[in-house]
There are 4 protein chains.
Amino acid sequence: MLLSGGEKLERLRDGRRVYIGAEAIGDVTRHPAFRGGAETVAALYDFKAEPARRETLTFEEEGERYSLYWLRCRSRDDLARRMRALKAIAEFTYGMFGRSPDHVAGMVTGLAMNPSVLENLHPGFGDNLVHYYDYARRNDIYLCFATIPPTGLRSAELFPGQERDDPSLRVVDEDDSGVIISGMKMLATGAVYADEVWIGNLTPIDEKFKKESITCALPLNTAGMSLWSRQPYGQHARHEADYPLSYRFDESDSVLVCERVKVPWERVFLHNNGDMSRRIYIQTPANCYANHQSNVRFWTKMGLIVGLASRICQANGIDKIPAVRETLGRLAALEATIGGMINGQIESWEEWPAGYATPNRRFMYASLNWCQEHHTEIVDILRALLGGVPLQMPASVDVLSDADLRSRFERWWATPSMDALPRMKLYKLAWDLVGSEFAGRHMLYEKFYAGNSIVVRNQSDREAPWEQFHGTVDRLLENIAEPVFNSDKAQT
Amino acid sequence: MLLSGGEKLERLRDGRRVYIGAEAIGDVTRHPAFRGGAETVAALYDFKAEPARRETLTFEEEGERYSLYWLRCRSRDDLARRMRALKAIAEFTYGMFGRSPDHVAGMVTGLAMNPSVLENLHPGFGDNLVHYYDYARRNDIYLCFATIPPTGLRSAELFPGQERDDPSLRVVDEDDSGVIISGMKMLATGAVYADEVWIGNLTPIDEKFKKESITCALPLNTAGMSLWSRQPYGQHARHEADYPLSYRFDESDSVLVCERVKVPWERVFLHNNGDMSRRIYIQTPANCYANHQSNVRFWTKMGLIVGLASRICQANGIDKIPAVRETLGRLAALEATIGGMINGQIESWEEWPAGYATPNRRFMYASLNWCQEHHTEIVDILRALLGGVPLQMPASVDVLSDADLRSRFERWWATPSMDALPRMKLYKLAWDLVGSEFAGRHMLYEKFYAGNSIVVRNQSDREAPWEQFHGTVDRLLENIAEPVFNSDKAQT
Amino acid sequence: MLLSGGEKLERLRDGRRVYIGAEAIGDVTRHPAFRGGAETVAALYDFKAEPARRETLTFEEEGERYSLYWLRCRSRDDLARRMRALKAIAEFTYGMFGRSPDHVAGMVTGLAMNPSVLENLHPGFGDNLVHYYDYARRNDIYLCFATIPPTGLRSAELFPGQERDDPSLRVVDEDDSGVIISGMKMLATGAVYADEVWIGNLTPIDEKFKKESITCALPLNTAGMSLWSRQPYGQHARHEADYPLSYRFDESDSVLVCERVKVPWERVFLHNNGDMSRRIYIQTPANCYANHQSNVRFWTKMGLIVGLASRICQANGIDKIPAVRETLGRLAALEATIGGMINGQIESWEEWPAGYATPNRRFMYASLNWCQEHHTEIVDILRALLGGVPLQMPASVDVLSDADLRSRFERWWATPSMDALPRMKLYKLAWDLVGSEFAGRHMLYEKFYAGNSIVVRNQSDREAPWEQFHGTVDRLLENIAEPVFNSDKAQT
Amino acid sequence: MLLSGGEKLERLRDGRRVYIGAEAIGDVTRHPAFRGGAETVAALYDFKAEPARRETLTFEEEGERYSLYWLRCRSRDDLARRMRALKAIAEFTYGMFGRSPDHVAGMVTGLAMNPSVLENLHPGFGDNLVHYYDYARRNDIYLCFATIPPTGLRSAELFPGQERDDPSLRVVDEDDSGVIISGMKMLATGAVYADEVWIGNLTPIDEKFKKESITCALPLNTAGMSLWSRQPYGQHARHEADYPLSYRFDESDSVLVCERVKVPWERVFLHNNGDMSRRIYIQTPANCYANHQSNVRFWTKMGLIVGLASRICQANGIDKIPAVRETLGRLAALEATIGGMINGQIESWEEWPAGYATPNRRFMYASLNWCQEHHTEIVDILRALLGGVPLQMPASVDVLSDADLRSRFERWWATPSMDALPRMKLYKLAWDLVGSEFAGRHMLYEKFYAGNSIVVRNQSDREAPWEQFHGTVDRLLENIAEPVFNSDKAQT
């Protein structure tokens, strides 16, 4: 089933509890803080459902049509097809939505390619997963996740034996019908616009905290659940043109707060297993499918950045300077770098698990590392090309609303090659990529969406073929001729 | 004369025209967009006027007491004293105000150390400068400047002979009483809070546009003058604790717009000389004095960043990890790097011009280059230490206003070592340095306040002792023994 | 035909003139400066000819068997097969031979995929190329090239009209049988071990110097030709173990000097066309095929570096430290980065020219850029992991030749986990990658083998789909809602 | 007493045992591997003794004249004077000798400014130090040091209770006349040319290995002592012009090997104190004085690099290109950066210990960090400016010895602005800074001479005024206004 945008908006009016500071938001689709994002998500559903994009964005299985990101690939062609769908979705938000519906869907799809990993831990849980996978794709669910414990030390560790409140989400009770969970989980990006939330763990859980290992999925209006949002960035924008990205592409980040929330057993996928709660994503294609989407999304963002850099250089009248052309050529090379690495994941795909196809994991983790290493520098290059011009623009496009100011603005802010208004829109857009709070959040997001650099690089360490690398060195060393000394020579 | 903060605020209610987009601001001291900054400036005046800081922040000349930044140094001790005053002022805003009152004052003081440069260009203009210097320090004037033409090509160049509107500020008329100027000038940082604006040129002016070379100073409420502000960053902050820096330390940036503004001759310092309009700052200590203040201000900001990095690592519970300690040690080394370079400017001071003392120019330009090269990386290090925690904080401290939310917040956002509110304040502060729009503007500011990297490095190129450097190479090459060949040897 | 190593060595005894400074080398296969390299080349020929590697390293066409690098690919599978062959050859020298026989062969093969580019410039020249391609592969020719003019200004430009000696290689005479060339050409890497040299131009030639555009191929013993070698790096190594890479993998670099060298017409491929002399490589797959080999070769070298970094960390006893593991993980990610990009070139192959297959050019140029940008840093990481240990090793493994020294060496230079000799060999190998003159030449080579950064990035600029990038920006800007002001609203 | 160069050479013929691999060197002043370095050291002694440099390079105390680097400074002026002397000595070797006679002398001088640190550990040892300080300066001793244990795990730790050979130098016996030491110590730079060696520890020693803490000084010809040199880099240079730096400025590195070497008590300064064996350098100005010399030496090297970069750009004909000028300006700024930091150490000198003057320690450690962080990049910039030209030069200047080759060389290797021979010398010099083995060793040396980055940055961590940094943050946080909520407002 493919939902329309209107249906998607309707779904969001489900009684969920969202707070901006102390303010409780009644209807996220109409509140100025979230309206723009909600419209973008709705438009994406319409985009996806359009018959003309049927082949690109959906697939059929047993007579039913699903969004393509639920496809369990069986071949290189499947992987290529899936990647093109992810690219089209990413382009819809210019790479600004990190957790668009295809991200967590990829993770669940990866689990569904090898449910025995869950089933072996606890009979029935693998089936739960498969049923949930089927439910989610059948209902065109937008799924987000919350998979990190709150930062800071645990009180349970520091005050042993005491009855204390511990903010880490965990199971506090269970009975025949399910488990009860309480606590916080970080950081549910996109939750304001999603339908359901996947609760789980991407960081290791010590066995003594195994109650935190609970892995489940719930609708976002479940009783006892609330979302504590960080400041939404489009909230105070007077006009879309003032902050074009903040206005429409702020995907939202929220802390998930649960107070005695009931999870029925059929929505539980793992329980009481600290060690495996993180490893299920690595022992199945889950982690790879989800992060492959991140790679593709970053690639798409690079396309916007490179294009913007070029347009800015034209607007600043510096695009013919050799040193600037070298910089633009370099940016184009960087765009092709991530593009090449993504295509390489497909060329070197792995048949894993048996019968299924997964993008090359080492190349995927290398791409993650590349994105993390380069984003700050890439934005800094754009900043350097931009110069101080964004600060020279009026505070708002509303200068046009005053005849007198408008007249001066149109005369003096124009350049021979560009009228004042399009010029202002261009710089406002650039500012929203390098300087606004939306931009500031992206700087943090790109550095941490897959964990910090230790996490990201350790994944490359874990997957590296060290024996092969060592073998190369050892072969070279072994082939070195034994030294022959004159005295030895004399003997022969 | 030393003004009190209250007197300073009163002065700002002078009828100046300031626009935020289409909104005309009546009283900058009371409008939510500027109130916080105005209070900071007023508090700085009180700080400066306090008798206990008499020795540190003021000096006496001919029976009158002035702010120390007007001191024309005559010795190393004077330079050291002046530097300490700049440091105290920078610390008052934690290095967040780039164009605090001591910046442009330093430039004017530098000109006043060699007014003959102006006098030689046009009899009387040197005297005008000396009188203005005296007027400004006597009245404790906060002076800002606007010294860059609007970005983009000039219409005058593209449409020769046509009567067109050209936005570059220039003289459009003159008579016995003075000149009339029209056009825009970029980017009057601090103008909203300053008393007067220095109009001049820090970029080269072609001789055919010599009417743009006009160098003068005017009160900010002069008829025909208006300030077009960029978006003020504290405007929408609900509470100071939500955006502690934006709220209080947004120094403002405005485009200066002049429409047939009259400048009396006594306020004109240079006229009709494109070449010299920029070089007067290099041929006097003006550029060095002004940028020395920038160095000191950046040093101060580094102190905040290093302290914050350490506090954040403590709050994140990572401050004992060896790799983190290495990073903190590196940040401390970077703070000492800029500190060392500033002290080196004093140790290697130059007697220039005759009878006066100027910080070592090469070391000052090297410091400028260092700041420009390193700011992005320094903030990125802080960002990496910070992690995603800022996004995990509630949108506003106003969660405390709701008893129910407050209770959950205080229980769950606390860590064993830190209560919830101080923890939130710490991360909000950090966010205001790395992620908010205020932070985004600082990223741009630190990259461009002294011009782009070509400008900054060319100053180091210009001042470099190339003959000495070449001499070293040539001496080495000359000392290489002539090759002696066997045949030669045979002959001897 | 596939040559044996012995036959290859025999071929090198062809009377070629090679100078090391003033010393004329009689037989490059036996002189200590070149012997090690010659043996490596011979061993590579044996490796290639071995029946077991028939499928990997050769292909059949019209009943004849050729080295695989002469394959004109017609499909993705061909490209993948070709890449595997290049990888195997690169692994034979651990990525140390930049201009192994597959490099220039790739370039010629690229030209042979579209000889009409040459034929259209001059009837017959395209045929010459096809014949030469056939001759070269049929005779298992090791081809090097010399394609850069001598650095420095041209005397012809500075002394117009004068009869002066100009060192740039050019045609000085021609008749029915061919042309006569004189002058120098830079920098014939591998020439000491190659059979023939391709003379051409990879930098633009001004039309007024069109006589320099001559593009041809000649045996290296042609009368009038000589090679002026830079210092060979294995020349003074007492034992292979002292400098394991210098000893065996110094591929040689020489200036090609021609004095009235005769080129028969059938060996001429382009003449008197400055503009096209460089563009023939871009208008055919020549440039892409040749540089694709460079990518693969660099990837192979990365494998050695990563393995060596790991072995060094083990030897230094630091491989368990978390910060070191992060570094090793990062190195593994970098190895996968270039690997991913190369595979991406195949996944996104282009059918170009019609009927043939070429690796994706943008991804190939992006790979070139990546290698150029990262090599210094990669070696620096290895250097940092290595520490000062290489300098703590005895100067030569010949310490073993003295019983007394040997005894102390074996007791004291051993560590609990490693005997003294293998430990010394490991560090000597590492030193040959980061510190020896061989290493120093590699630092320069990796920075410049495809031209400087301007050249490399401009290729990415040239190939970039700017319209597509601009289209993205323009679409975003066009979709921004027109601002609606209150007064407007009032009207509706 | 100031020694002449001839006397210094005579002293080196003292029967010391130096090995290059298995070769025992009889007279280091005449062997091709060391002759060039020995001449440089001798010339430095003559330079220092010249009457015209009396004021710059020597000082008088109680009627005796000493080399200035033995000066215990008592004022800023003393520090400035001392720095000028270090600069003059560094310039004599163009910054190529890291451990010139002023380095370890500075360390001993620092200890002699507070001998109570040693005396308090063991009565008499402080006096020993003062006597040794006096002996060394009185005899114009060139002192080197060996202060690092051999890399790799200790056998004593792994095979407890077993009688095994442990290579770490330690006391193996002691009696009334002194102690007996055996084992190896890394890495005695300059030892081949020095008179005596200081044995001690710059890394921490665990208390259970306290016998390794021995700190003493001995002549290099002491019985039982030998130097195991790494490969000397000038050994195979045919002519000085081929490797101008290797030939004359290879300061040598050797492992110090001691086999039951006797140390009389008067030469013992610390014994059986693992903890303090390293801290004596930090609790006195020893570490600061020694590393201040390193800073000055690096600054001097920067002068050569900047000059060479400029000369190379001129020779390559690119010195007028704007992007190249920006690079040269940047290099000049970097030279001024380290210069500024050194001068800042003097401006902010510390009176420590009482009555004495020490360069500012934080600025000194920041300078160390700066040098370590930037050297690779600086050399890489030079490499990028250089291009492939060094490899285009003939292998040796001996091409001039053959009339025929010479004629071609002089005609074709010249450029209009430069004759062939000076051009070759310039590029050979540049190669010796970026590509030769001598250059490779410098790359390692600059990265490690003060320890790895953890060591260097931890020194900055240790000396950082964390309370002051934290105070800044805390003050800012405390000044944030308490949030006032509407309900609160209502109450008031």
# chains A, B, ... in the order shown; residues from 1 in each chain; ligands from 1
>>> interface_residues(of="chain D", to="chain A", cutoff="10 Å", atoms="only C-alpha atoms", output="compact mmCIF listing (two decimals) with all heavy atoms, in the first residue's frame")
# COMPACT_ATOMS: atom_id res chain seq x y z
N PRO D 322 49.69 34.50 -8.71
CA PRO D 322 49.05 34.89 -7.43
C PRO D 322 48.93 33.75 -6.43
O PRO D 322 49.22 33.95 -5.24
CB PRO D 322 47.67 35.38 -7.88
CG PRO D 322 47.86 35.85 -9.27
CD PRO D 322 48.90 34.93 -9.87
N ALA D 323 48.52 32.57 -6.88
CA ALA D 323 48.36 31.46 -5.94
C ALA D 323 49.71 31.07 -5.32
O ALA D 323 49.78 30.66 -4.16
CB ALA D 323 47.72 30.26 -6.62
N VAL D 324 50.78 31.21 -6.10
CA VAL D 324 52.12 30.90 -5.58
C VAL D 324 52.54 31.98 -4.58
O VAL D 324 53.08 31.68 -3.51
CB VAL D 324 53.14 30.79 -6.73
CG1 VAL D 324 54.57 30.71 -6.19
CG2 VAL D 324 52.82 29.58 -7.59
>>> residues_around(residues="region 346-352 of chain A", least_positions_apart="5", cutoff="10 Å", atoms="only C-alpha atoms", output="PyMOL selection string")
(chain A and resi 73-80+83+113-114+283-285+341+357-364) or (chain C and resi 76+80+339-340+342-348)
>>> residues_around(residues="Val41 (chain D)", least_positions_apart="5", cutoff="10 Å", atoms="only C-alpha atoms", output="PyMOL selection string")
chain D and resi 5+8-9+36+46-47+92-93+97+100-101+142+190+193-194+248-249+251
>>> write_last_selection(atoms="N, CA and C atoms", output="PDB file, in the first residue's frame")
ATOM      1  N   GLY D   5      88.927  24.856  16.257  1.00  0.00           N
ATOM      2  CA  GLY D   5      88.420  23.729  15.480  1.00  0.00           C
ATOM      3  C   GLY D   5      89.433  22.604  15.403  1.00  0.00           C
ATOM      4  N   LYS D   8      89.515  20.728  18.519  1.00  0.00           N
ATOM      5  CA  LYS D   8      88.308  19.907  18.617  1.00  0.00           C
ATOM      6  C   LYS D   8      88.477  18.615  17.814  1.00  0.00           C
ATOM      7  N   LEU D   9      89.049  18.718  16.594  1.00  0.00           N
ATOM      8  CA  LEU D   9      89.253  17.524  15.772  1.00  0.00           C
ATOM      9  C   LEU D   9      90.227  16.579  16.470  1.00  0.00           C
ATOM     10  N   GLY D  36      82.770  14.868   6.764  1.00  0.00           N
ATOM     11  CA  GLY D  36      82.060  16.132   6.507  1.00  0.00           C
ATOM     12  C   GLY D  36      81.468  16.714   7.776  1.00  0.00           C
ATOM     13  N   ASP D  46      85.680  27.049  15.570  1.00  0.00           N
ATOM     14  CA  ASP D  46      86.446  28.227  15.127  1.00  0.00           C
ATOM     15  C   ASP D  46      85.555  29.471  15.078  1.00  0.00           C
ATOM     16  N   PHE D  47      84.373  29.288  14.552  1.00  0.00           N
ATOM     17  CA  PHE D  47      83.396  30.388  14.443  1.00  0.00           C
ATOM     18  C   PHE D  47      83.127  30.987  15.821  1.00  0.00           C
ATOM     19  N   PHE D  92      74.643  28.663  11.714  1.00  0.00           N
ATOM     20  CA  PHE D  92      75.883  28.090  11.196  1.00  0.00           C
ATOM     21  C   PHE D  92      75.634  26.750  10.505  1.00  0.00           C
ATOM     22  N   THR D  93      74.668  25.997  10.983  1.00  0.00           N
ATOM     23  CA  THR D  93      74.332  24.728  10.313  1.00  0.00           C
ATOM     24  C   THR D  93      72.971  24.817   9.609  1.00  0.00           C
ATOM     25  N   PHE D  97      71.609  20.867  12.413  1.00  0.00           N
ATOM     26  CA  PHE D  97      72.131  20.133  13.571  1.00  0.00           C
ATOM     27  C   PHE D  97      71.171  20.326  14.740  1.00  0.00           C
ATOM     28  N   SER D 100      73.372  20.295  18.313  1.00  0.00           N
ATOM     29  CA  SER D 100      74.615  21.047  18.332  1.00  0.00           C
ATOM     30  C   SER D 100      75.035  21.249  19.801  1.00  0.00           C
ATOM     31  N   PRO D 101      76.283  21.701  20.055  1.00  0.00           N
ATOM     32  CA  PRO D 101      76.790  21.718  21.433  1.00  0.00           C
ATOM     33  C   PRO D 101      75.915  22.502  22.417  1.00  0.00           C
ATOM     34  N   TYR D 142      81.708  19.392  24.180  1.00  0.00           N
ATOM     35  CA  TYR D 142      80.523  19.114  23.346  1.00  0.00           C
ATOM     36  C   TYR D 142      79.879  17.884  23.959  1.00  0.00           C
ATOM     37  N   GLY D 190      74.489  12.976  17.543  1.00  0.00           N
ATOM     38  CA  GLY D 190      75.678  13.810  17.644  1.00  0.00           C
ATOM     39  C   GLY D 190      76.840  13.141  18.349  1.00  0.00           C
ATOM     40  N   TYR D 193      80.455  13.048  17.147  1.00  0.00           N
ATOM     41  CA  TYR D 193      81.236  14.288  17.166  1.00  0.00           C
ATOM     42  C   TYR D 193      81.369  14.907  18.548  1.00  0.00           C
ATOM     43  N   ALA D 194      80.663  14.343  19.524  1.00  0.00           N
ATOM     44  CA  ALA D 194      80.670  14.945  20.862  1.00  0.00           C
ATOM     45  C   ALA D 194      81.888  14.448  21.646  1.00  0.00           C
ATOM     46  N   ARG D 248      77.636  17.586   4.623  1.00  0.00           N
ATOM     47  CA  ARG D 248      78.279  18.443   5.618  1.00  0.00           C
ATOM     48  C   ARG D 248      77.501  18.513   6.934  1.00  0.00           C
ATOM     49  N   PHE D 249      76.206  18.182   6.889  1.00  0.00           N
ATOM     50  CA  PHE D 249      75.371  18.459   8.067  1.00  0.00           C
ATOM     51  C   PHE D 249      74.682  17.224   8.641  1.00  0.00           C
ATOM     52  N   GLU D 251      74.436  15.019  11.424  1.00  0.00           N
ATOM     53  CA  GLU D 251      74.975  15.101  12.789  1.00  0.00           C
ATOM     54  C   GLU D 251      75.208  13.732  13.426  1.00  0.00           C
TER      55      GLU D 251
END
>>> residues_around(residues="Gln314 (chain B)", least_positions_apart="5", cutoff="10 Å", atoms="only C-alpha atoms", output="count of residues only")
7
>>> residues_around(residues="Arg65 (chain D)", least_positions_apart="6", cutoff="7 Å", atoms="only C-alpha atoms", output="ChimeraX atom specification")
/D:1,58-59
>>> write_last_selection(atoms="N, CA and C atoms", output="CSV table (one decimal), in the first residue's frame")
chain,number,residue,atom,x,y,z
D,1,MET,N,87.5,28.5,28.7
D,1,MET,CA,88.4,28.2,27.6
D,1,MET,C,87.6,28.0,26.3
D,58,THR,N,80.0,34.4,23.6
D,58,THR,CA,80.6,34.0,24.9
D,58,THR,C,80.2,35.0,26.0
D,59,PHE,N,80.5,34.6,27.2
D,59,PHE,CA,80.3,35.5,28.4
D,59,PHE,C,81.4,35.2,29.4
>>> residues_around(residues="Trp466 (chain A)", least_positions_apart="2", cutoff="12 Å", atoms="only C-alpha atoms", output="PyMOL selection string")
(chain A and resi 460-464+468-474) or (chain C and resi 303-311+328-329+331-332+335)
>>> select_by_dssp(residues="region 396-461 of chain A", states="strand (DSSP E or B)", output="list in words")
Thr415, Met418, Tyr449 and Gly451 of chain A
>>> write_last_selection(atoms="C-alpha atoms", output="PDB file, in the first residue's frame")
ATOM      1  CA  THR A 415      24.624  43.301  -9.540  1.00  0.00           C
ATOM      2  CA  MET A 418      21.802  39.318 -11.039  1.00  0.00           C
ATOM      3  CA  TYR A 449      25.125  10.087  12.840  1.00  0.00           C
ATOM      4  CA  GLY A 451      28.781   7.288  16.017  1.00  0.00           C
TER       5      GLY A 451
END
>>> select_by_dssp(residues="region 127-361 of chain A", states="alpha helix (DSSP H)", output="PyMOL selection string")
chain A and resi 127-138+155-158+244-249+274-279+286-315+322-347+361
>>> atom_distance(atom1="CA of Lys428 (chain C)", atom2="CA of Ile312 (chain C)")
11.2 Å
>>> atom_distance(atom1="CA of Arg330 (chain B)", atom2="CA of Ala366 (chain D)")
8.3 Å
>>> residues_around(residues="region 170-173 of chain A", least_positions_apart="2", cutoff="8 Å", atoms="only C-alpha atoms", output="list in words")
Ser168, Asp175, Val179, Ile180, Ile181, Ser182, Gly183, Lys211, Glu212, Ser213, Ile214 and Arg260 of chain A
>>> atom_distance(atom1="CA of Leu71 (chain C)", atom2="CA of Ala450 (chain C)")
22.5 Å
>>> closest_residue(among="C:Asn486, C:Thr203, C:Ser407, C:Ser401", to="Asn452 (chain C)", atoms="only C-alpha atoms")
C:Thr203
>>> decode(residues="region 121-136 of chain C", atoms="N, CA, C and O atoms", output="PDB file, in the first residue's frame")
ATOM      1  N   LEU C 121      43.183  13.354 -38.156  1.00  0.00           N
ATOM      2  CA  LEU C 121      44.150  14.452 -38.150  1.00  0.00           C
ATOM      3  C   LEU C 121      45.110  14.330 -39.324  1.00  0.00           C
ATOM      4  O   LEU C 121      45.550  15.325 -39.894  1.00  0.00           O
ATOM      5  N   HIS C 122      45.421  13.096 -39.684  1.00  0.00           N
ATOM      6  CA  HIS C 122      46.390  12.870 -40.756  1.00  0.00           C
ATOM      7  C   HIS C 122      46.200  11.454 -41.275  1.00  0.00           C
ATOM      8  O   HIS C 122      46.476  10.485 -40.556  1.00  0.00           O
ATOM      9  N   PRO C 123      45.719  11.318 -42.520  1.00  0.00           N
ATOM     10  CA  PRO C 123      45.464   9.984 -43.057  1.00  0.00           C
ATOM     11  C   PRO C 123      46.712   9.106 -42.943  1.00  0.00           C
ATOM     12  O   PRO C 123      47.817   9.552 -43.245  1.00  0.00           O
ATOM     13  N   GLY C 124      46.495   7.910 -42.424  1.00  0.00           N
ATOM     14  CA  GLY C 124      47.609   6.979 -42.270  1.00  0.00           C
ATOM     15  C   GLY C 124      48.107   6.884 -40.844  1.00  0.00           C
ATOM     16  O   GLY C 124      48.577   5.817 -40.414  1.00  0.00           O
ATOM     17  N   PHE C 125      47.998   7.961 -40.079  1.00  0.00           N
ATOM     18  CA  PHE C 125      48.528   7.944 -38.711  1.00  0.00           C
ATOM     19  C   PHE C 125      47.691   7.038 -37.797  1.00  0.00           C
ATOM     20  O   PHE C 125      48.220   6.389 -36.896  1.00  0.00           O
ATOM     21  N   GLY C 126      46.393   7.002 -38.040  1.00  0.00           N
ATOM     22  CA  GLY C 126      45.560   6.077 -37.268  1.00  0.00           C
ATOM     23  C   GLY C 126      45.958   4.629 -37.551  1.00  0.00           C
ATOM     24  O   GLY C 126      46.077   3.817 -36.629  1.00  0.00           O
ATOM     25  N   ASP C 127      46.220   4.360 -38.806  1.00  0.00           N
ATOM     26  CA  ASP C 127      46.673   3.003 -39.151  1.00  0.00           C
ATOM     27  C   ASP C 127      48.013   2.697 -38.492  1.00  0.00           C
ATOM     28  O   ASP C 127      48.237   1.596 -37.988  1.00  0.00           O
ATOM     29  N   ASN C 128      48.903   3.679 -38.528  1.00  0.00           N
ATOM     30  CA  ASN C 128      50.201   3.486 -37.860  1.00  0.00           C
ATOM     31  C   ASN C 128      49.995   3.049 -36.417  1.00  0.00           C
ATOM     32  O   ASN C 128      50.678   2.161 -35.917  1.00  0.00           O
ATOM     33  N   LEU C 129      49.061   3.719 -35.768  1.00  0.00           N
ATOM     34  CA  LEU C 129      48.820   3.412 -34.357  1.00  0.00           C
ATOM     35  C   LEU C 129      48.335   1.984 -34.187  1.00  0.00           C
ATOM     36  O   LEU C 129      48.810   1.239 -33.326  1.00  0.00           O
ATOM     37  N   VAL C 130      47.367   1.599 -35.014  1.00  0.00           N
ATOM     38  CA  VAL C 130      46.820   0.251 -34.905  1.00  0.00           C
ATOM     39  C   VAL C 130      47.919  -0.787 -35.172  1.00  0.00           C
ATOM     40  O   VAL C 130      48.034  -1.785 -34.465  1.00  0.00           O
ATOM     41  N   HIS C 131      48.757  -0.516 -36.152  1.00  0.00           N
ATOM     42  CA  HIS C 131      49.860  -1.445 -36.422  1.00  0.00           C
ATOM     43  C   HIS C 131      50.823  -1.503 -35.250  1.00  0.00           C
ATOM     44  O   HIS C 131      51.321  -2.558 -34.885  1.00  0.00           O
ATOM     45  N   TYR C 132      51.075  -0.343 -34.676  1.00  0.00           N
ATOM     46  CA  TYR C 132      52.019  -0.332 -33.561  1.00  0.00           C
ATOM     47  C   TYR C 132      51.435  -1.078 -32.358  1.00  0.00           C
ATOM     48  O   TYR C 132      52.131  -1.843 -31.688  1.00  0.00           O
ATOM     49  N   TYR C 133      50.158  -0.828 -32.107  1.00  0.00           N
ATOM     50  CA  TYR C 133      49.464  -1.546 -31.025  1.00  0.00           C
ATOM     51  C   TYR C 133      49.616  -3.050 -31.240  1.00  0.00           C
ATOM     52  O   TYR C 133      49.936  -3.801 -30.308  1.00  0.00           O
ATOM     53  N   ASP C 134      49.423  -3.460 -32.466  1.00  0.00           N
ATOM     54  CA  ASP C 134      49.496  -4.887 -32.757  1.00  0.00           C
ATOM     55  C   ASP C 134      50.923  -5.414 -32.598  1.00  0.00           C
ATOM     56  O   ASP C 134      51.149  -6.474 -32.021  1.00  0.00           O
ATOM     57  N   TYR C 135      51.863  -4.629 -33.098  1.00  0.00           N
ATOM     58  CA  TYR C 135      53.275  -5.000 -32.972  1.00  0.00           C
ATOM     59  C   TYR C 135      53.674  -5.133 -31.496  1.00  0.00           C
ATOM     60  O   TYR C 135      54.318  -6.097 -31.087  1.00  0.00           O
ATOM     61  N   ALA C 136      53.258  -4.155 -30.696  1.00  0.00           N
ATOM     62  CA  ALA C 136      53.693  -4.103 -29.293  1.00  0.00           C
ATOM     63  C   ALA C 136      53.148  -5.290 -28.510  1.00  0.00           C
ATOM     64  O   ALA C 136      53.866  -5.947 -27.765  1.00  0.00           O
TER      65      ALA C 136
END
